[in-house]
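Coordinates as given in final.cif (mmCIF, C-alpha atoms):
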```cif
data_target
#
loop_
_atom_site.label_atom_id
_atom_site.label_comp_id
_atom_site.auth_asym_id
_atom_site.auth_seq_id
_atom_site.Cartn_x
_atom_site.Cartn_y
_atom_site.Cartn_z
CA MET E 1435 8.01 -45.10 54.20
CA ALA E 1436 8.75 -42.48 51.65
CA HIS E 1437 6.17 -41.67 49.04
CA ALA E 1438 7.35 -40.66 45.62
CA THR E 1439 5.58 -37.53 44.45
CA VAL E 1440 4.43 -37.67 40.89
CA HIS E 1441 4.09 -34.34 39.10
CA ASP E 1442 1.53 -34.88 36.42
CA GLU E 1443 1.46 -31.37 34.96
CA PRO E 1444 0.12 -31.09 31.45
CA GLU E 1445 2.62 -29.96 28.86
CA LEU E 1446 2.15 -26.41 27.61
CA GLN E 1447 0.98 -26.33 24.05
CA MET E 1448 0.92 -23.47 21.57
CA GLY E 1449 -2.48 -22.45 20.20
CA LEU E 1450 -1.33 -22.59 16.61
CA PRO E 1451 1.89 -24.00 15.16
CA MET E 1452 3.03 -20.58 13.91
CA SER E 1453 5.12 -17.81 15.43
CA ASN E 1454 3.46 -15.20 17.65
CA GLY E 1455 4.56 -12.48 15.25
CA LYS E 1456 2.91 -14.13 12.27
CA LEU E 1457 -0.31 -14.82 14.18
CA CYS E 1458 -0.45 -11.22 15.42
CA MET E 1459 0.11 -9.94 11.88
CA TRP E 1460 -2.75 -12.07 10.54
CA LEU E 1461 -5.01 -10.79 13.34
CA PHE E 1462 -3.98 -7.22 12.51
CA LEU E 1463 -4.59 -7.84 8.80
CA VAL E 1464 -8.14 -9.08 9.33
CA THR E 1465 -8.96 -5.81 11.12
CA GLU E 1466 -7.37 -3.98 8.19
CA ILE E 1467 -9.50 -5.95 5.73
CA MET E 1468 -12.63 -4.69 7.49
CA PHE E 1469 -11.29 -1.12 7.61
CA PHE E 1470 -10.59 -0.94 3.88
CA THR E 1471 -13.76 -2.89 3.01
CA ALA E 1472 -15.76 -0.17 4.78
CA LEU E 1473 -13.91 2.57 2.88
CA LEU E 1474 -14.34 0.84 -0.50
CA GLY E 1475 -17.99 -0.02 0.26
CA VAL E 1476 -18.85 3.58 1.14
CA TYR E 1477 -17.02 4.79 -1.98
CA MET E 1478 -19.06 2.40 -4.15
CA LEU E 1479 -22.26 3.54 -2.44
CA LEU E 1480 -21.51 7.22 -3.05
CA ARG E 1481 -20.13 6.66 -6.56
CA ASN E 1482 -23.11 4.68 -7.79
CA GLY E 1483 -25.80 6.21 -5.62
CA GLN E 1484 -25.28 9.93 -6.28
CA ALA E 1485 -24.80 10.04 -10.00
CA THR E 1486 -27.59 10.70 -12.48
CA LYS E 1487 -27.53 10.77 -16.26
CA SER E 1488 -27.24 14.55 -16.44
CA ALA E 1489 -24.72 14.75 -13.59
CA PRO E 1490 -22.63 11.59 -13.77
CA TRP E 1491 -19.73 10.73 -11.45
CA PRO E 1492 -16.48 12.51 -12.48
CA LYS E 1493 -14.37 10.70 -15.06
CA PRO E 1494 -10.64 10.30 -14.33
CA HIS E 1495 -9.70 13.11 -16.76
CA ASP E 1496 -12.16 15.51 -15.15
CA VAL E 1497 -10.31 15.20 -11.85
CA HIS E 1498 -6.77 15.14 -13.23
CA LEU E 1499 -6.19 11.41 -12.90
CA VAL E 1500 -4.12 9.71 -15.60
CA GLU E 1501 -4.84 5.99 -16.11
CA TRP E 1502 -1.36 4.99 -17.24
CA ILE E 1503 0.22 6.62 -14.19
CA GLY E 1504 -2.11 4.60 -11.96
CA ALA E 1505 -1.21 1.44 -13.91
CA ALA E 1506 2.52 2.23 -13.61
CA ASN E 1507 2.15 2.67 -9.84
CA THR E 1508 0.31 -0.68 -9.71
CA PHE E 1509 3.27 -2.30 -11.47
CA VAL E 1510 5.66 -0.63 -8.98
CA LEU E 1511 3.78 -2.12 -6.00
CA ILE E 1512 3.46 -5.57 -7.62
CA LEU E 1513 7.20 -5.58 -8.33
CA SER E 1514 7.94 -4.55 -4.74
CA SER E 1515 5.73 -7.38 -3.45
CA PHE E 1516 7.64 -9.80 -5.69
CA PHE E 1517 10.96 -8.49 -4.33
CA VAL E 1518 9.84 -9.05 -0.73
CA VAL E 1519 9.07 -12.73 -1.39
CA LEU E 1520 12.45 -13.07 -3.12
CA ALA E 1521 14.18 -11.45 -0.12
CA HIS E 1522 12.47 -13.97 2.16
CA HIS E 1523 13.43 -16.79 -0.22
CA TYR E 1524 17.12 -15.78 -0.21
CA LEU E 1525 17.17 -15.54 3.59
CA HIS E 1526 15.89 -19.12 3.65
CA VAL E 1527 18.81 -20.28 1.52
CA ASN E 1528 21.25 -18.22 3.65
CA ASP E 1529 22.07 -15.69 0.94
CA VAL E 1530 21.82 -12.59 3.15
CA LYS E 1531 23.43 -10.22 0.66
CA LYS E 1532 20.89 -10.96 -2.09
CA ALA E 1533 18.07 -10.71 0.47
CA ILE E 1534 19.20 -7.25 1.54
CA TYR E 1535 19.52 -6.12 -2.11
CA TYR E 1536 15.91 -7.10 -2.71
CA LEU E 1537 14.79 -5.35 0.49
CA ALA E 1538 16.65 -2.19 -0.58
CA ALA E 1539 14.96 -2.40 -4.00
CA THR E 1540 11.58 -2.78 -2.25
CA LEU E 1541 12.31 0.34 -0.19
CA GLY E 1542 13.22 2.20 -3.39
CA LEU E 1543 10.04 1.08 -5.15
CA GLY E 1544 7.91 2.09 -2.15
CA ILE E 1545 9.52 5.54 -2.19
CA LEU E 1546 8.90 5.78 -5.98
CA PHE E 1547 5.22 4.93 -5.38
CA LEU E 1548 4.92 7.73 -2.81
CA VAL E 1549 6.75 10.23 -5.05
CA VAL E 1550 4.31 9.53 -7.91
CA LYS E 1551 1.41 9.86 -5.45
CA GLY E 1552 2.95 13.13 -4.23
CA PHE E 1553 2.92 14.53 -7.80
CA GLU E 1554 -0.67 13.40 -8.18
CA TYR E 1555 -1.64 15.14 -4.92
CA GLN E 1556 0.25 18.25 -5.99
CA SER E 1557 -1.86 18.40 -9.17
CA LYS E 1558 -5.04 18.15 -7.05
CA PHE E 1559 -3.87 21.04 -4.84
CA ALA E 1560 -2.82 23.14 -7.85
CA HIS E 1561 -6.25 22.74 -9.46
CA GLU E 1562 -8.09 22.91 -6.11
CA ILE E 1563 -9.73 19.52 -6.55
CA LEU E 1564 -10.06 19.31 -2.79
CA PRO E 1565 -12.98 18.57 -0.46
CA GLY E 1566 -15.11 21.71 -0.18
CA ARG E 1567 -13.11 23.59 -2.84
CA VAL E 1568 -14.66 22.22 -6.05
CA PHE E 1569 -17.40 24.21 -7.81
CA GLU E 1570 -20.29 22.00 -8.78
CA ARG E 1571 -23.87 22.57 -9.94
CA LEU E 1572 -23.71 26.08 -11.41
CA ASP E 1573 -27.50 26.48 -11.23
CA SER E 1574 -27.20 27.00 -7.47
CA PRO E 1575 -25.88 30.14 -5.64
CA ASN E 1576 -22.53 28.48 -6.31
CA GLY E 1577 -22.74 29.91 -9.85
CA ALA E 1578 -22.07 33.53 -8.77
CA LYS E 1579 -19.22 32.44 -6.48
CA TYR E 1580 -17.75 30.43 -9.34
CA VAL E 1581 -17.74 33.43 -11.71
CA GLU E 1582 -16.00 35.59 -9.07
CA HIS E 1583 -13.41 32.86 -8.48
CA VAL E 1584 -12.69 32.51 -12.22
CA LYS E 1585 -12.31 36.30 -12.51
CA GLY E 1586 -9.51 36.20 -9.93
CA GLN E 1587 -7.81 33.28 -11.68
CA LEU E 1588 -8.01 35.00 -15.10
CA LYS E 1589 -6.27 38.08 -13.66
CA THR E 1590 -3.47 35.83 -12.37
CA ILE E 1591 -3.14 34.21 -15.82
CA LEU E 1592 -2.85 37.68 -17.40
CA GLU E 1593 0.03 38.48 -15.04
CA GLY E 1594 1.84 35.58 -16.74
CA LYS E 1595 3.78 34.50 -13.66
CA HIS E 1596 3.69 30.80 -14.62
CA GLY E 1597 4.91 31.25 -18.19
CA GLU E 1598 1.42 31.25 -19.71
CA SER E 1599 1.33 31.28 -23.54
CA GLU E 1600 0.13 34.32 -25.50
CA ASN E 1601 -2.81 32.29 -26.84
CA LEU E 1602 -3.95 31.48 -23.31
CA LYS E 1603 -3.51 35.07 -22.20
CA SER E 1604 -5.55 36.45 -25.08
CA ALA E 1605 -8.38 33.90 -24.46
CA ALA E 1606 -8.26 34.81 -20.75
CA ALA E 1607 -8.41 38.55 -21.54
CA SER E 1608 -11.41 38.09 -23.82
CA LEU E 1609 -13.23 35.97 -21.21
CA LEU E 1610 -12.43 38.50 -18.48
CA THR E 1611 -13.88 41.32 -20.58
CA ASP E 1612 -17.07 39.35 -21.23
CA ILE E 1613 -17.45 38.54 -17.52
CA SER E 1614 -16.81 42.17 -16.46
CA GLU E 1615 -19.42 43.39 -18.91
CA LYS E 1616 -21.85 40.83 -17.45
CA ARG E 1617 -22.47 39.17 -20.81
CA LEU E 1618 -22.16 35.63 -19.45
CA ASN E 1619 -23.89 33.47 -16.87
CA ALA E 1620 -22.03 30.85 -14.80
CA ARG E 1621 -22.69 28.04 -17.27
CA GLN E 1622 -21.38 30.07 -20.19
CA VAL E 1623 -18.25 30.97 -18.21
CA ASN E 1624 -17.70 27.27 -17.45
CA GLU E 1625 -18.09 26.42 -21.15
CA ARG E 1626 -15.58 29.11 -22.13
CA VAL E 1627 -13.14 27.68 -19.57
CA VAL E 1628 -13.51 24.03 -20.58
CA GLY E 1629 -14.33 24.33 -24.29
CA LYS E 1630 -17.54 23.11 -25.88
CA ASN E 1631 -16.13 19.86 -27.24
CA ASN E 1632 -13.01 19.34 -25.16
CA PRO E 1633 -12.19 15.61 -25.48
CA LYS E 1634 -10.34 15.66 -22.14
CA LYS E 1635 -12.95 17.35 -19.96
CA THR E 1636 -16.66 16.76 -19.60
CA ILE E 1637 -19.36 19.38 -19.39
CA ASN E 1638 -22.32 17.47 -18.02
CA PRO E 1639 -25.85 18.34 -19.18
CA VAL E 1640 -26.58 19.82 -15.76
CA ASP E 1641 -23.95 22.54 -16.36
CA ARG E 1642 -24.30 23.02 -20.13
CA PRO E 1643 -25.64 26.41 -21.29
CA ARG E 1644 -28.75 26.54 -23.49
CA ALA E 1645 -28.04 25.83 -27.13
CA GLU E 1646 -28.62 29.48 -28.15
CA ASP E 1647 -26.17 30.70 -25.44
CA SER E 1648 -23.47 28.23 -26.36
CA SER E 1649 -20.12 29.52 -27.58
CA GLU E 1650 -17.82 28.06 -30.26
CA ALA E 1651 -14.77 29.83 -28.79
CA LYS E 1652 -11.87 27.55 -27.87
CA GLY E 1653 -11.81 26.76 -24.15
CA LEU E 1654 -8.93 27.87 -21.95
CA LEU E 1655 -8.33 24.24 -20.96
CA GLU E 1656 -8.23 23.25 -24.64
CA ILE E 1657 -5.48 25.81 -25.24
CA ASP E 1658 -3.56 24.67 -22.13
CA GLU E 1659 -4.91 21.67 -20.22
CA HIS E 1660 -2.78 22.59 -17.20
CA ALA E 1661 -4.06 26.19 -16.95
CA HIS E 1662 -4.98 27.07 -13.37
CA VAL E 1663 -8.61 27.93 -13.86
CA ALA E 1664 -11.56 26.30 -12.11
CA TYR E 1665 -14.34 24.43 -13.88
CA SER E 1666 -17.48 22.76 -12.63
CA ILE E 1667 -17.18 19.11 -11.60
CA PRO E 1668 -20.54 17.69 -10.44
CA TRP E 1669 -19.91 15.51 -7.35
CA GLY E 1670 -16.33 16.80 -7.34
CA ASN E 1671 -16.25 17.50 -3.59
CA ILE E 1672 -17.48 14.09 -2.57
CA TRP E 1673 -15.11 12.53 -5.11
CA ALA E 1674 -12.19 14.43 -3.57
CA SER E 1675 -13.21 13.35 -0.04
CA CYS E 1676 -13.31 9.69 -1.11
CA TYR E 1677 -10.07 9.94 -3.10
CA PHE E 1678 -8.06 11.53 -0.29
CA ALA E 1679 -9.54 9.22 2.37
CA MET E 1680 -8.75 6.03 0.43
CA THR E 1681 -5.42 6.92 -1.14
CA GLY E 1682 -4.32 8.86 1.97
CA PHE E 1683 -4.85 5.91 4.32
CA HIS E 1684 -3.19 3.63 1.76
CA ALA E 1685 -0.18 5.96 1.45
CA LEU E 1686 0.16 6.00 5.26
CA HIS E 1687 0.31 2.21 5.19
CA VAL E 1688 2.99 2.35 2.49
CA LEU E 1689 4.96 4.77 4.66
CA GLY E 1690 4.68 2.40 7.63
CA GLY E 1691 6.11 -0.46 5.54
CA LEU E 1692 8.98 1.73 4.34
CA VAL E 1693 10.00 2.51 7.92
CA VAL E 1694 10.34 -1.23 8.61
CA PHE E 1695 12.31 -1.87 5.37
CA ALA E 1696 14.63 1.02 6.28
CA TRP E 1697 15.07 -0.57 9.71
CA PHE E 1698 16.16 -3.85 8.05
CA LEU E 1699 18.84 -1.97 6.10
CA ILE E 1700 20.05 -0.26 9.27
CA SER E 1701 20.18 -3.65 11.03
CA TYR E 1702 22.24 -5.03 8.14
CA ALA E 1703 24.67 -2.12 8.44
CA ARG E 1704 24.95 -2.84 12.18
CA GLY E 1705 25.54 -6.53 11.49
CA THR E 1706 22.42 -7.74 13.25
CA PHE E 1707 20.52 -8.79 10.14
CA GLY E 1708 20.90 -12.39 8.99
CA PRO E 1709 19.09 -15.69 8.42
CA GLN E 1710 17.60 -15.27 11.92
CA SER E 1711 15.64 -12.29 10.52
CA ALA E 1712 13.68 -14.52 8.10
CA SER E 1713 10.65 -14.53 10.38
CA ALA E 1714 10.64 -10.71 10.68
CA VAL E 1715 10.93 -10.37 6.89
CA GLU E 1716 8.07 -12.84 6.39
CA VAL E 1717 5.78 -10.93 8.79
CA THR E 1718 6.66 -7.57 7.19
CA GLY E 1719 6.08 -9.21 3.80
CA LEU E 1720 2.57 -10.22 4.87
CA TYR E 1721 1.84 -6.58 5.69
CA TRP E 1722 3.39 -5.33 2.45
CA HIS E 1723 1.40 -7.79 0.31
CA PHE E 1724 -1.78 -6.59 2.00
CA VAL E 1725 -0.88 -2.98 1.11
CA ASP E 1726 -0.41 -4.23 -2.47
CA ILE E 1727 -3.86 -5.92 -2.44
CA VAL E 1728 -5.56 -2.71 -1.27
CA TRP E 1729 -4.01 -0.88 -4.23
CA ILE E 1730 -5.07 -3.71 -6.57
CA PHE E 1731 -8.67 -2.69 -5.75
CA LEU E 1732 -8.11 1.07 -5.50
CA PHE E 1733 -6.50 1.30 -8.96
CA PRO E 1734 -9.48 0.04 -11.01
CA LEU E 1735 -12.07 1.74 -8.79
CA LEU E 1736 -10.46 5.18 -9.04
CA TYR E 1737 -8.71 5.14 -12.42
CA LEU E 1738 -10.68 2.77 -14.63
CA VAL E 1739 -14.24 1.82 -13.70
CA MET O 787 22.54 -39.86 4.50
CA ALA O 788 19.10 -38.97 5.76
CA ASP O 789 20.35 -35.37 6.23
CA LEU O 790 21.51 -35.27 2.65
CA HIS O 791 18.08 -36.40 1.48
CA THR O 792 16.34 -33.77 3.64
CA HIS O 793 18.68 -31.07 2.35
CA ALA O 794 18.08 -32.10 -1.26
CA ALA O 795 14.31 -32.14 -0.72
CA ASP O 796 14.42 -28.71 0.95
CA SER O 797 16.53 -27.26 -1.84
CA HIS O 798 14.14 -28.70 -4.43
CA GLU O 799 11.19 -27.18 -2.56
CA GLN O 800 12.87 -23.76 -2.40
CA LYS O 801 13.53 -23.91 -6.15
CA SER O 802 9.92 -24.76 -6.92
CA HIS O 803 8.77 -21.86 -4.67
CA TYR O 804 11.14 -19.54 -6.51
CA LEU O 805 9.66 -20.55 -9.89
CA GLU O 806 6.15 -20.19 -8.53
CA TYR O 807 6.90 -16.60 -7.38
CA TRP O 808 8.08 -15.76 -10.90
CA ARG O 809 4.96 -17.30 -12.42
CA VAL O 810 2.70 -15.27 -10.12
CA PHE O 811 4.61 -12.07 -10.82
CA ILE O 812 4.09 -12.58 -14.57
CA ILE O 813 0.39 -13.40 -14.05
CA LEU O 814 -0.03 -10.18 -12.01
CA CYS O 815 1.63 -8.09 -14.74
CA VAL O 816 -0.54 -9.67 -17.44
CA CYS O 817 -3.66 -9.09 -15.32
CA THR O 818 -2.78 -5.40 -14.79
CA ALA O 819 -2.25 -4.95 -18.54
CA SER O 820 -5.51 -6.78 -19.29
CA SER O 821 -7.56 -4.50 -16.99
CA PHE O 822 -6.04 -1.54 -18.84
CA VAL O 823 -6.94 -3.11 -22.22
CA LEU O 824 -10.47 -4.00 -21.02
CA ASN O 825 -11.02 -0.39 -20.00
CA TRP O 826 -10.01 0.92 -23.44
CA GLY O 827 -11.44 -1.89 -25.56
CA VAL O 828 -14.66 -3.02 -23.93
CA GLY O 829 -15.34 0.14 -21.92
CA ARG O 830 -14.52 2.90 -24.38
CA ALA O 831 -14.28 1.46 -27.90
CA LEU O 832 -17.28 -0.88 -27.55
CA ASP O 833 -19.04 1.46 -25.08
CA MET O 834 -20.00 -1.41 -22.76
CA HIS O 835 -19.09 0.22 -19.46
CA LEU O 836 -20.99 -2.10 -17.13
CA LEU O 837 -19.43 -5.22 -18.70
CA SER O 838 -15.97 -3.67 -18.66
CA ALA O 839 -16.38 -2.60 -14.99
CA GLY O 840 -17.47 -6.13 -14.03
CA LEU O 841 -14.57 -7.76 -15.89
CA ILE O 842 -12.03 -5.30 -14.47
CA MET O 843 -13.19 -5.99 -10.91
CA LEU O 844 -13.05 -9.73 -11.62
CA VAL O 845 -9.43 -9.32 -12.75
CA ALA O 846 -8.73 -7.43 -9.48
CA VAL O 847 -10.16 -10.35 -7.50
CA VAL O 848 -7.95 -12.81 -9.45
CA LYS O 849 -4.88 -10.66 -8.73
CA ALA O 850 -5.71 -10.46 -5.02
CA TYR O 851 -6.22 -14.25 -4.97
CA PHE O 852 -2.73 -14.93 -6.34
CA VAL O 853 -1.07 -12.45 -3.96
CA ILE O 854 -2.85 -13.93 -0.91
CA VAL O 855 -2.44 -17.58 -1.83
CA ILE O 856 1.14 -17.59 -3.14
CA PHE O 857 2.95 -14.46 -1.91
CA MET O 858 1.30 -14.52 1.54
CA HIS O 859 1.69 -18.32 1.75
CA LEU O 860 -1.98 -18.88 2.50
CA LYS O 861 -1.69 -22.11 0.52
CA GLN O 862 0.53 -23.49 3.29
CA ASP O 863 -0.97 -21.59 6.25
CA TRP O 864 -4.69 -21.96 5.48
CA GLY O 865 -5.05 -24.78 8.01
CA MET O 866 -3.91 -22.40 10.75
CA VAL O 867 -5.49 -19.07 9.81
CA TYR O 868 -8.88 -20.15 8.50
CA PRO O 869 -10.67 -19.61 11.85
CA ILE O 870 -9.87 -15.89 11.69
CA MET O 871 -10.10 -15.52 7.90
CA ILE O 872 -13.49 -17.10 7.20
CA PRO O 873 -15.59 -14.75 9.41
CA VAL O 874 -13.80 -11.69 8.04
CA VAL O 875 -14.22 -12.77 4.42
CA ILE O 876 -17.95 -13.38 5.05
CA MET O 877 -18.33 -10.00 6.77
CA SER O 878 -16.44 -8.04 4.11
CA VAL O 879 -18.25 -9.67 1.18
CA MET O 880 -21.58 -9.06 2.95
CA THR O 881 -20.65 -5.41 3.58
CA ILE O 882 -19.92 -4.83 -0.11
CA ILE O 883 -23.07 -6.64 -1.25
CA ILE O 884 -25.35 -4.86 1.24
CA LEU O 885 -23.93 -1.43 0.38
CA SER O 886 -24.29 -2.20 -3.34
CA ILE O 887 -27.85 -3.61 -3.47
CA ASP O 888 -29.60 -0.27 -3.77
CA THR O 889 -27.14 1.62 -5.90
CA VAL O 890 -25.51 -0.95 -8.16
CA PHE O 891 -28.13 -3.62 -8.76
CA ALA O 892 -31.53 -1.98 -8.20
CA ILE O 893 -31.88 1.29 -10.13
CA PRO O 894 -30.11 1.69 -13.48
CA LEU O 895 -28.72 5.18 -14.08
CA GLU O 896 -31.19 5.87 -16.92
CA GLN O 897 -34.22 5.21 -14.73
CA ARG O 898 -33.20 7.46 -11.85
CA PRO O 899 -35.28 10.57 -11.11
CA ASP O 900 -33.10 13.31 -12.51
CA VAL O 901 -33.85 16.32 -10.32
CA SER O 902 -31.08 18.32 -11.92
CA MET O 903 -32.81 18.24 -15.34
CA THR O 904 -35.86 19.96 -13.82
CA ASP O 905 -33.59 22.61 -12.34
CA LEU O 906 -32.02 23.05 -15.75
CA LYS O 907 -35.35 24.00 -17.29
CA LEU O 908 -36.15 26.51 -14.51
CA ASP O 909 -32.82 28.25 -14.57
CA LYS O 910 -31.56 30.66 -17.15
#
```
Can I see the file as structure tokens?
Amino acid sequence: MAHATVHDEPELQMGLPMSNGKLCMWLFLVTEIMFFTALLGVYMLLRNGQATKSAPWPKPHDVHLVEWIGAANTFVLILSSFFVVLAHHYLHVNDVKKAIYYLAATLGLGILFLVVKGFEYQSKFAHEILPGRVFERLDSPNGAKYVEHVKGQLKTILEGKHGESENLKSAAASLLTDISEKRLNARQVNERVVGKNNPKKTINPVDRPRAEDSSEAKGLLEIDEHAHVAYSIPWGNIWASCYFAMTGFHALHVLGGLVVFAWFLISYARGTFGPQSASAVEVTGLYWHFVDIVWIFLFPLLYLV
Amino acid sequence: MADLHTHAADSHEQKSHYLEYWRVFIILCVCTASSFVLNWGVGRALDMHLLSAGLIMLVAVVKAYFVIVIFMHLKQDWGMVYPIMIPVVIMSVMTIIILSIDTVFAIPLEQRPDVSMTDLKLDK
């Protein structure tokens, strides 16, 4: 007598009713949330913990940050995020051409964001607002080093290689003479560089000369706010470390997203991009929106608050 | 017939998503402009920096909420991703709070020992 064999194997079931790609992206994003939370948390700790009334945390102008440029870059990223969701939407309704237009626009906006960031970085390098390169607290041995550094920069200004104005050159010459004749201490040199009441740069109490030593002469940075001459920025080094760590990691993330968007365009040119790519666009979109969210917090923390 | 109904419902849903994306985009632009205005108005003109900082960060949270919920489709996917999201949200909020207790909430700037002022008096 034959026995019928009954295979009672349980059916395989997926853990979650979503694609593997999407689940992996969400898992990746939660690790990213913790990574950027740590960076932002440490920044807040340093920003609020170090500063005192006489040596407050650098204001955006003190470190060559312009609020409206930060706001414009925020708009660029928000618009790019909006374009990604539209690209995904058009893939859903089988309009591949419109989807690829929006992805190309997203790529363009991402590149624009990085170009603006590049100019911002360039300004930091030009003015040496870099970790370990900023002069701060002129009452320390740093003061003598600062004066020597400014002497070198004044000589370069006098050479006029960068099209410096005559006004700037004459102020630089007068300051150089006063430094060479040892008439000024580090705080007085800093004041002559910045200007006593420069609305765009702060001289904190910790670096202000005594009232009787103060000078009414116009500061070099009042004559030309882009002049390449160093000034004291209390907490400037730690600010620069935080700024480059946070915006640098963010920019790397932007770059990563751009590589994927470029890949979509290449796939379209090869004819392999279509409605079947909707899932890939959605997953990339999740990543891109996260990059946008990180900037949503970086912008106010660095440029406004 | 049933297919036609499904297609019509799907098309209607896509259209409502499309309008929602536009709405969120406009909200995000308005929020960005408002944080800029808060910084100039409340922060600088009225000189209330702590209030302006708090409001600006609140606006950032609102912006992040809209991006996550609408653009990242968390509204639809919450039922699936909440087991990995909830612990991370708790951990990240706790990290920020713990790192901020001492420096943000405990000692106002004016009451901090200002070592640099002492140095100022000693130094010529």
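Applied to the file shown here, the PyMOL selection byres ((chain E) within 6 of (chain O)) selects the residues Thr1471, Gly1475, Leu1479, Asn1482, Gly1483, Thr1486, Leu1720, Ile1727, Ile1730 and Val1739 of chain E.
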Export of the given selection (C-alpha atoms) as an mmCIF file, in the coordinates of the input:
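Okay, part.cif is ready:
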```cif
data_model
loop_
_atom_site.group_PDB
_atom_site.id
_atom_site.type_symbol
_atom_site.label_atom_id
_atom_site.label_comp_id
_atom_site.auth_asym_id
_atom_site.auth_seq_id
_atom_site.Cartn_x
_atom_site.Cartn_y
_atom_site.Cartn_z
ATOM 1 C CA THR E 1471 -13.760 -2.890 3.010
ATOM 2 C CA GLY E 1475 -17.990 -0.020 0.260
ATOM 3 C CA LEU E 1479 -22.260 3.540 -2.440
ATOM 4 C CA ASN E 1482 -23.110 4.680 -7.790
ATOM 5 C CA GLY E 1483 -25.800 6.210 -5.620
ATOM 6 C CA THR E 1486 -27.590 10.700 -12.480
ATOM 7 C CA LEU E 1720 2.570 -10.220 4.870
ATOM 8 C CA ILE E 1727 -3.860 -5.920 -2.440
ATOM 9 C CA ILE E 1730 -5.070 -3.710 -6.570
ATOM 10 C CA VAL E 1739 -14.240 1.820 -13.700
#
```
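The coordinates place CA of Gly1566 in chain E at 29.4 Å from CA of Leu1546 in chain E.
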Problem set entry | Expected selection from the PyMOL selection byres ((chain E and resi 1622) around 10), given as a PyMOL selection string | chain E and resi 1572+1581+1613+1617-1621+1623-1630+1641-1644+1647-1649
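Atom pair CA of Lys1551 in chain E / CA of His1684 in chain E: separated by 10.6 Å.
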Exercise. Quick one: which residues end up in the PyMOL selection byres ((chain E and resi 1555) around 12) for this structure, as a count of residues only?
Worked result: 25
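If you look at CA of Phe1695 in chain E and CA of Val1715 in chain E, they are 8.7 Å away from each other.
Using all atoms listed in the file for every distance, the candidate list E:Val1500, E:Val1725, E:Leu1588, E:Val1640 yields E:Val1725 as the residue closest to Val1688 in chain E.
Distances from E:Gln1484, E:Thr1508, E:Ser1599, E:Ser1453 to Ala1661 in chain E were compared using only C-alpha atoms, and the smallest one belongs to E:Ser1599.
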Exercise. Which residue gives the smallest distance to Pro1639 in chain E among E:Ile1545, E:Ala1489, E:Leu1610, E:Met1478, with only C-alpha atoms counted?
Worked result: E:Ala1489
Assuming 6 Å of padding per side, give the centre and edge lengths of the axis-aligned box around every listed atom of range 818-830 of chain O, in Å to one decimal and as JSON.
```
{"center_x": -8.8, "center_y": -1.9, "center_z": -20.2, "size_x": 25.1, "size_y": 21.7, "size_z": 22.8}
```
Exercise. Do you know which residues are at most 12 Å from Ile1591 in chain E counting only C-alpha atoms, after dropping those on the same chain fewer than 4 positions away, and could you put them as number ranges by chain?
Worked result: E: 1584-1587, 1595-1607, 1609-1610, 1654, 1658, 1660-1663
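Near range 1454-1460 of chain E, within 10 Å and counting only C-alpha atoms, sit Met1448, Gly1449, Leu1450, Val1464, Thr1465, Glu1466, Ser1713, Ala1714, Glu1716, Val1717, Thr1718, Leu1720 and Tyr1721 of chain E; Met866, Val867, Ile870 and Met871 of chain O, not including residues fewer than 4 positions from it in the same chain.
Distances to Ala1485 in chain E were evaluated for E:Leu1699, E:Ile1512, E:Leu1543, E:Ile1667 using only C-alpha atoms, and the minimum falls at E:Ile1667.
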